[in-house]
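Participant: To be precise about what I am sending: the file is called coords32.cif and holds mmCIF, C-alpha atoms.
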```
data_run
loop_
_atom_site.label_atom_id
_atom_site.label_comp_id
_atom_site.auth_asym_id
_atom_site.auth_seq_id
_atom_site.Cartn_x
_atom_site.Cartn_y
_atom_site.Cartn_z
CA MET A 1 -24.13 -12.38 -60.67
CA LYS A 2 -20.61 -12.10 -59.43
CA LYS A 3 -21.69 -9.27 -57.12
CA LEU A 4 -24.54 -11.36 -55.77
CA ASN A 5 -22.25 -14.35 -55.15
CA LEU A 6 -19.70 -12.10 -53.46
CA SER A 7 -22.36 -10.50 -51.24
CA LEU A 8 -23.82 -13.89 -50.40
CA THR A 9 -20.36 -15.25 -49.54
CA VAL A 10 -19.59 -12.26 -47.29
CA CYS A 11 -22.92 -12.71 -45.49
CA LEU A 12 -22.28 -16.43 -44.93
CA ILE A 13 -18.78 -15.77 -43.59
CA ALA A 14 -20.10 -13.04 -41.26
CA ALA A 15 -22.86 -15.34 -40.00
CA ALA A 16 -20.40 -18.16 -39.40
CA PHE A 17 -18.01 -15.83 -37.56
CA SER A 18 -20.74 -14.37 -35.33
CA GLY A 19 -21.97 -17.87 -34.50
CA SER A 20 -18.51 -18.88 -33.38
CA LEU A 21 -18.33 -15.82 -31.13
CA LYS A 22 -21.53 -16.81 -29.36
CA ALA A 23 -20.15 -20.28 -28.85
CA GLN A 24 -17.42 -18.79 -26.58
CA ASP A 25 -19.90 -17.59 -23.93
CA THR A 26 -20.51 -19.87 -20.93
CA ASN A 27 -22.71 -19.75 -17.86
CA THR A 28 -19.87 -18.11 -15.80
CA ASP A 29 -17.36 -15.34 -16.37
CA ASN A 30 -14.79 -13.48 -14.28
CA HIS A 31 -12.47 -10.50 -14.13
CA THR A 32 -9.80 -9.22 -11.73
CA ILE A 33 -9.76 -6.34 -9.26
CA THR A 34 -6.41 -4.90 -8.25
CA ILE A 35 -6.44 -3.63 -4.66
CA SER A 36 -3.85 -1.31 -3.15
CA ILE A 37 -3.61 -0.77 0.64
CA PRO A 38 -1.11 1.89 1.77
CA GLU A 39 1.13 1.44 4.77
CA VAL A 40 0.10 4.01 7.40
CA ALA A 41 1.88 5.31 10.51
CA LEU A 42 0.40 8.58 11.85
CA VAL A 43 0.32 10.00 15.38
CA ASP A 44 -0.93 13.24 16.93
CA ILE A 45 -1.90 14.86 20.20
CA GLU A 46 -5.44 16.19 20.66
CA PRO A 47 -7.03 18.64 21.16
CA ALA A 48 -4.65 20.27 18.67
CA ALA A 49 -5.72 23.83 19.51
CA THR A 50 -4.85 23.50 23.22
CA LYS A 51 -2.15 20.86 23.41
CA ASN A 52 0.40 23.06 25.20
CA ILE A 53 -0.02 22.67 28.95
CA THR A 54 1.40 24.44 32.00
CA LEU A 55 2.47 22.68 35.18
CA GLY A 56 4.31 24.09 38.15
CA PHE A 57 4.99 24.06 41.86
CA THR A 58 3.69 25.95 44.88
CA ALA A 59 6.08 27.30 47.48
CA PRO A 60 5.56 26.02 51.03
CA THR A 61 4.06 28.34 53.63
CA GLU A 62 5.81 26.61 56.52
CA ALA A 63 9.56 26.39 56.93
CA GLY A 64 10.89 22.89 56.56
CA ASN A 65 8.37 21.75 53.94
CA PRO A 66 9.19 21.04 50.26
CA ILE A 67 7.62 22.70 47.24
CA THR A 68 4.47 20.90 46.08
CA PRO A 69 3.58 20.12 42.47
CA SER A 70 0.43 21.41 40.84
CA THR A 71 -2.31 18.88 40.20
CA SER A 72 -1.78 16.50 37.31
CA ASN A 73 -3.07 17.34 33.83
CA SER A 74 -5.23 14.83 31.90
CA THR A 75 -6.50 17.03 29.07
CA LEU A 76 -4.48 15.51 26.23
CA TRP A 77 -5.20 12.45 24.06
CA LEU A 78 -2.82 10.39 21.92
CA ASN A 79 -4.40 9.46 18.54
CA TYR A 80 -2.85 7.19 15.90
CA SER A 81 -3.62 5.41 12.64
CA SER A 82 -1.67 2.34 11.58
CA ILE A 83 -1.72 -0.13 8.72
CA LYS A 84 1.09 -2.57 9.42
CA SER A 85 3.45 -4.00 6.82
CA VAL A 86 4.12 -7.68 6.25
CA ALA A 87 7.73 -7.24 7.39
CA ASP A 88 6.80 -5.40 10.62
CA PRO A 89 3.61 -6.81 12.17
CA THR A 90 3.42 -4.32 15.07
CA ARG A 91 4.38 -0.78 15.92
CA ASN A 92 5.19 1.20 19.06
CA VAL A 93 4.73 4.81 20.11
CA SER A 94 7.72 6.24 21.93
CA VAL A 95 8.03 9.46 23.91
CA LYS A 96 10.93 11.72 24.86
CA VAL A 97 11.53 15.26 26.11
CA ASN A 98 14.03 17.69 24.59
CA ALA A 99 15.06 19.44 27.81
CA LEU A 100 15.52 17.99 31.25
CA ILE A 101 14.76 20.48 34.00
CA PRO A 102 17.23 20.16 36.88
CA GLY A 103 15.60 18.70 39.96
CA ILE A 104 12.26 17.92 38.23
CA ASP A 105 10.77 14.62 37.10
CA ILE A 106 8.11 14.94 34.40
CA ASN A 107 5.92 11.84 34.56
CA VAL A 108 3.47 10.73 31.89
CA THR A 109 0.94 7.91 32.00
CA ALA A 110 -1.11 6.67 29.03
CA ALA A 111 -4.48 5.07 29.76
CA ALA A 112 -5.94 2.15 27.81
CA ALA A 113 -7.46 3.15 24.48
CA THR A 114 -11.09 4.30 24.50
CA GLY A 115 -13.42 5.93 22.01
CA SER A 116 -14.44 5.17 18.45
CA GLY A 117 -11.35 3.30 17.23
CA ALA A 118 -10.98 -0.27 15.99
CA GLY A 119 -8.33 -2.83 15.10
CA THR A 120 -5.36 -4.00 17.13
CA LEU A 121 -4.90 -1.01 19.43
CA GLY A 122 -1.71 -0.84 21.47
CA THR A 123 -1.06 -1.53 25.13
CA PRO A 124 0.15 1.35 27.33
CA SER A 125 3.19 0.99 29.55
CA ALA A 126 3.29 1.94 33.21
CA GLN A 127 4.02 5.54 34.21
CA LEU A 128 7.19 6.86 32.59
CA THR A 129 9.59 9.52 33.82
CA LEU A 130 10.46 11.44 30.67
CA SER A 131 14.05 11.56 29.49
CA ALA A 132 15.99 12.62 26.40
CA ALA A 133 15.98 8.98 25.21
CA ASP A 134 12.95 7.46 23.50
CA GLN A 135 10.87 5.24 25.79
CA THR A 136 8.01 3.02 24.63
CA ILE A 137 4.69 4.31 25.97
CA ILE A 138 2.36 2.24 23.69
CA SER A 139 3.37 -1.17 22.31
CA GLY A 140 1.83 -3.85 20.12
CA ILE A 141 -0.06 -1.61 17.68
CA GLY A 142 -1.25 -3.52 14.63
CA SER A 143 -3.57 -2.31 11.91
CA ALA A 144 -5.76 0.07 13.90
CA TYR A 145 -7.10 3.56 14.38
CA THR A 146 -8.00 5.25 17.67
CA GLY A 147 -10.62 7.70 16.45
CA ASN A 148 -9.77 11.36 16.08
CA GLY A 149 -9.85 14.10 18.69
CA ALA A 150 -10.31 14.32 22.43
CA ASN A 151 -11.97 11.33 24.14
CA ASN A 152 -10.48 8.98 21.51
CA GLY A 153 -7.26 7.03 21.86
CA HIS A 154 -5.09 7.03 24.94
CA ASN A 155 -5.69 9.71 27.58
CA LEU A 156 -2.37 11.17 28.74
CA THR A 157 -1.79 12.25 32.32
CA TYR A 158 1.18 14.51 33.07
CA ALA A 159 2.46 15.12 36.58
CA LEU A 160 5.50 16.84 38.03
CA ALA A 161 7.57 15.67 40.96
CA ALA A 162 10.39 17.44 42.70
CA GLY A 163 13.51 15.30 42.75
CA SER A 164 14.26 12.50 45.20
CA GLY A 165 10.66 11.26 45.19
CA PRO A 166 9.69 7.59 44.94
CA GLY A 167 10.72 6.22 41.55
CA GLY A 168 12.18 9.57 40.50
CA VAL A 169 15.52 10.21 38.92
CA ALA A 170 15.99 13.95 39.62
CA ALA A 171 17.63 15.30 42.75
CA TYR A 172 15.93 17.96 44.91
CA ALA A 173 19.35 19.57 45.40
CA ASP A 174 19.41 20.43 41.68
CA LEU A 175 16.27 22.63 41.80
CA GLN A 176 16.69 26.25 40.68
CA ALA A 177 14.09 29.02 40.75
CA THR A 178 12.88 29.98 37.27
CA ALA A 179 9.91 31.97 35.99
CA SER A 180 9.22 29.43 33.24
CA THR A 181 11.08 26.75 31.36
CA VAL A 182 9.65 25.14 28.23
CA ALA A 183 10.20 21.46 27.49
CA THR A 184 8.97 19.85 24.24
CA VAL A 185 7.58 16.33 24.48
CA THR A 186 7.77 14.32 21.25
CA TYR A 187 5.74 11.21 20.39
CA THR A 188 6.88 8.96 17.51
CA ILE A 189 5.13 5.95 15.97
CA SER A 190 7.54 3.44 14.46
CA ASP A 191 7.94 -0.21 13.50
CA ASN A 192 9.31 -2.60 16.11
#
```
Would you kindly transcribe this structure into structure tokens?

Facilitator:
Amino acid sequence: MKKLNLSLTVCLIAAAFSGSLKAQDTNTDNHTITISIPEVALVDIEPAATKNITLGFTAPTEAGNPITPSTSNSTLWLNYSSIKSVADPTRNVSVKVNALIPGIDINVTAAAATGSGAGTLGTPSAQLTLSAADQTIISGIGSAYTGNGANNGHNLTYALAAGSGPGGVAAYADLQATASTVATVTYTISDN
């Protein structure tokens, strides 16, 4: 009898406990989702396989004329990905060259962004004459991506000018004959 009473008591307690659990359910419920978004600041030049270019000058065939630069080169594209931080709402891309060539101005122009990108893409500056100091070529980049590869992002046009030209900083008198001189152009994406 004691066993029966004990079993009956355990069953009643279990039934009462399970009934109180059901009473906690309502017609709505919720849970949380934790979301993490990384800060991103990436830049590259495309097409990666052929991003080294050659520019030069042609000697005059008539005495009294200056050397003439080769045609400009527009084969390269500037790509970037950016997720801005709360502290720094926009980013810039700057450009500089590691070696100035006496008597030569190296000019670069970035076109407006085109291609498959989205977000707050940056605004290109006017033509720049490269120097050893960083200069802003794209400003106002927010959270954005340009798309990857050629025909995405900002098309870059490089042109040479012998010194003393309009808007130039080099002097023609500083020119020296050379078989080839290599200059490295560096692009950097950074917070404002």

Participant: Within 12 Å of (1.8, 0.3, 16.3) in the file's own coordinates, which protein, DNA or RNA residues have an atom, counting all atoms listed in the file? List them as a PyMOL selection string.

Facilitator: chain A and resi 39-43+79-85+88-94+119-124+136-146+188-192

Participant: With C-alpha atoms kept, could you save the residues just selected as a short mmCIF file (atom, residue, chain, number, x, y, z; two decimals), in the frame of the given file?

Facilitator:
```cif
data_model
loop_
_atom_site.label_atom_id
_atom_site.label_comp_id
_atom_site.auth_asym_id
_atom_site.auth_seq_id
_atom_site.Cartn_x
_atom_site.Cartn_y
_atom_site.Cartn_z
CA GLU A 39 1.13 1.44 4.77
CA VAL A 40 0.10 4.01 7.40
CA ALA A 41 1.88 5.31 10.51
CA LEU A 42 0.40 8.58 11.85
CA VAL A 43 0.32 10.00 15.38
CA ASN A 79 -4.40 9.46 18.54
CA TYR A 80 -2.85 7.19 15.90
CA SER A 81 -3.62 5.41 12.64
CA SER A 82 -1.67 2.34 11.58
CA ILE A 83 -1.72 -0.13 8.72
CA LYS A 84 1.09 -2.57 9.42
CA SER A 85 3.45 -4.00 6.82
CA ASP A 88 6.80 -5.40 10.62
CA PRO A 89 3.61 -6.81 12.17
CA THR A 90 3.42 -4.32 15.07
CA ARG A 91 4.38 -0.78 15.92
CA ASN A 92 5.19 1.20 19.06
CA VAL A 93 4.73 4.81 20.11
CA SER A 94 7.72 6.24 21.93
CA GLY A 119 -8.33 -2.83 15.10
CA THR A 120 -5.36 -4.00 17.13
CA LEU A 121 -4.90 -1.01 19.43
CA GLY A 122 -1.71 -0.84 21.47
CA THR A 123 -1.06 -1.53 25.13
CA PRO A 124 0.15 1.35 27.33
CA THR A 136 8.01 3.02 24.63
CA ILE A 137 4.69 4.31 25.97
CA ILE A 138 2.36 2.24 23.69
CA SER A 139 3.37 -1.17 22.31
CA GLY A 140 1.83 -3.85 20.12
CA ILE A 141 -0.06 -1.61 17.68
CA GLY A 142 -1.25 -3.52 14.63
CA SER A 143 -3.57 -2.31 11.91
CA ALA A 144 -5.76 0.07 13.90
CA TYR A 145 -7.10 3.56 14.38
CA THR A 146 -8.00 5.25 17.67
CA THR A 188 6.88 8.96 17.51
CA ILE A 189 5.13 5.95 15.97
CA SER A 190 7.54 3.44 14.46
CA ASP A 191 7.94 -0.21 13.50
CA ASN A 192 9.31 -2.60 16.11
#
```

Participant: Starting from the displayed file, determine the output of the PyMOL selection byres ((chain A and resi 131) around 6) and express the residue list as a list in words.

Facilitator: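 Selection result, ordered by chain and number: Lys96, Val97, Leu130, Ala132 and Ala133 of chain A.
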
Participant: Where does range 33-138 of chain A meet range 150-169 of chain A within 7 Å, residue by residue, with the nearest atom pair and distance in Å to one decimal for each, counting all atoms listed in the file, listed by chain and rising number, as a tab-separated table?

Facilitator:
```
residue	atom	partner	partner_atom	distance
A:Glu46	CA	A:Ala150	CA	5.5
A:Pro47	CA	A:Ala150	CA	5.6
A:Pro69	CA	A:Leu160	CA	5.8
A:Ser72	CA	A:Ala159	CA	4.5
A:Asn73	CA	A:Tyr158	CA	5.2
A:Ser74	CA	A:Thr157	CA	4.3
A:Leu76	CA	A:Leu156	CA	5.4
A:Trp77	CA	A:Asn155	CA	4.5
A:Leu78	CA	A:His154	CA	5.1
A:Asn79	CA	A:Gly153	CA	5.0
A:Gly103	CA	A:Gly163	CA	4.9
A:Ile104	CA	A:Ala162	CA	4.9
A:Asp105	CA	A:Ala161	CA	5.1
A:Ile106	CA	A:Leu160	CA	4.9
A:Asn107	CA	A:Ala159	CA	5.2
A:Val108	CA	A:Tyr158	CA	4.6
A:Thr109	CA	A:Thr157	CA	5.1
A:Ala110	CA	A:Leu156	CA	4.7
A:Ala111	CA	A:His154	CA	5.2
A:Ala112	CA	A:His154	CA	5.7
A:Ala113	CA	A:His154	CA	4.6
A:Thr114	CA	A:Gly153	CA	5.4
A:Gly115	CA	A:Asn152	CA	4.3
A:Ser116	CA	A:Asn152	CA	6.3
```

Participant: Just checking: using all atoms listed in the file, which residue out of A:Gln176, A:Gly56, A:Gly147, A:Thr32 ends up closest to Ala118 in chain A?

Facilitator: A:Gly147

Participant: Return as AutoDock Vina command-line options the centre and edge lengths, in Å with one decimal, of the box along x, y and z that encloses every atom of range 125-132 of chain A in the file, padded by 6 Å per side.

Facilitator:
```
--center_x 9.6 --center_y 6.8 --center_z 30.3 --size_x 24.8 --size_y 23.6 --size_z 19.8
```

Participant: Could you tell me how far CA of Thr68 in chain A lies from CA of Ala48 in chain A, in Å and to one decimal?

Facilitator: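 CA of Ala48 in chain A lies at a distance of 28.9 Å from CA of Thr68 in chain A.
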
Participant: Would you mind reading off the distance between CA of Ala63 in chain A and CA of Thr181 in chain A, one decimal, in Å?

Facilitator: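 One can read the CA of Ala63 in chain A to CA of Thr181 in chain A distance as 25.6 Å.
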
Participant: Calculate how many Å separate CA of Ala170 in chain A from CA of Pro102 in chain A, rounding to one decimal.

Facilitator: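 According to the coordinates, CA of Ala170 in chain A and CA of Pro102 in chain A are separated by 6.9 Å.
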
Participant: Excluding same-chain residues fewer than 4 positions from Ile67 in chain A, what lies within 6 Å of it counting only C-alpha atoms, as a ChimeraX atom specification?

Facilitator: /A:58-60
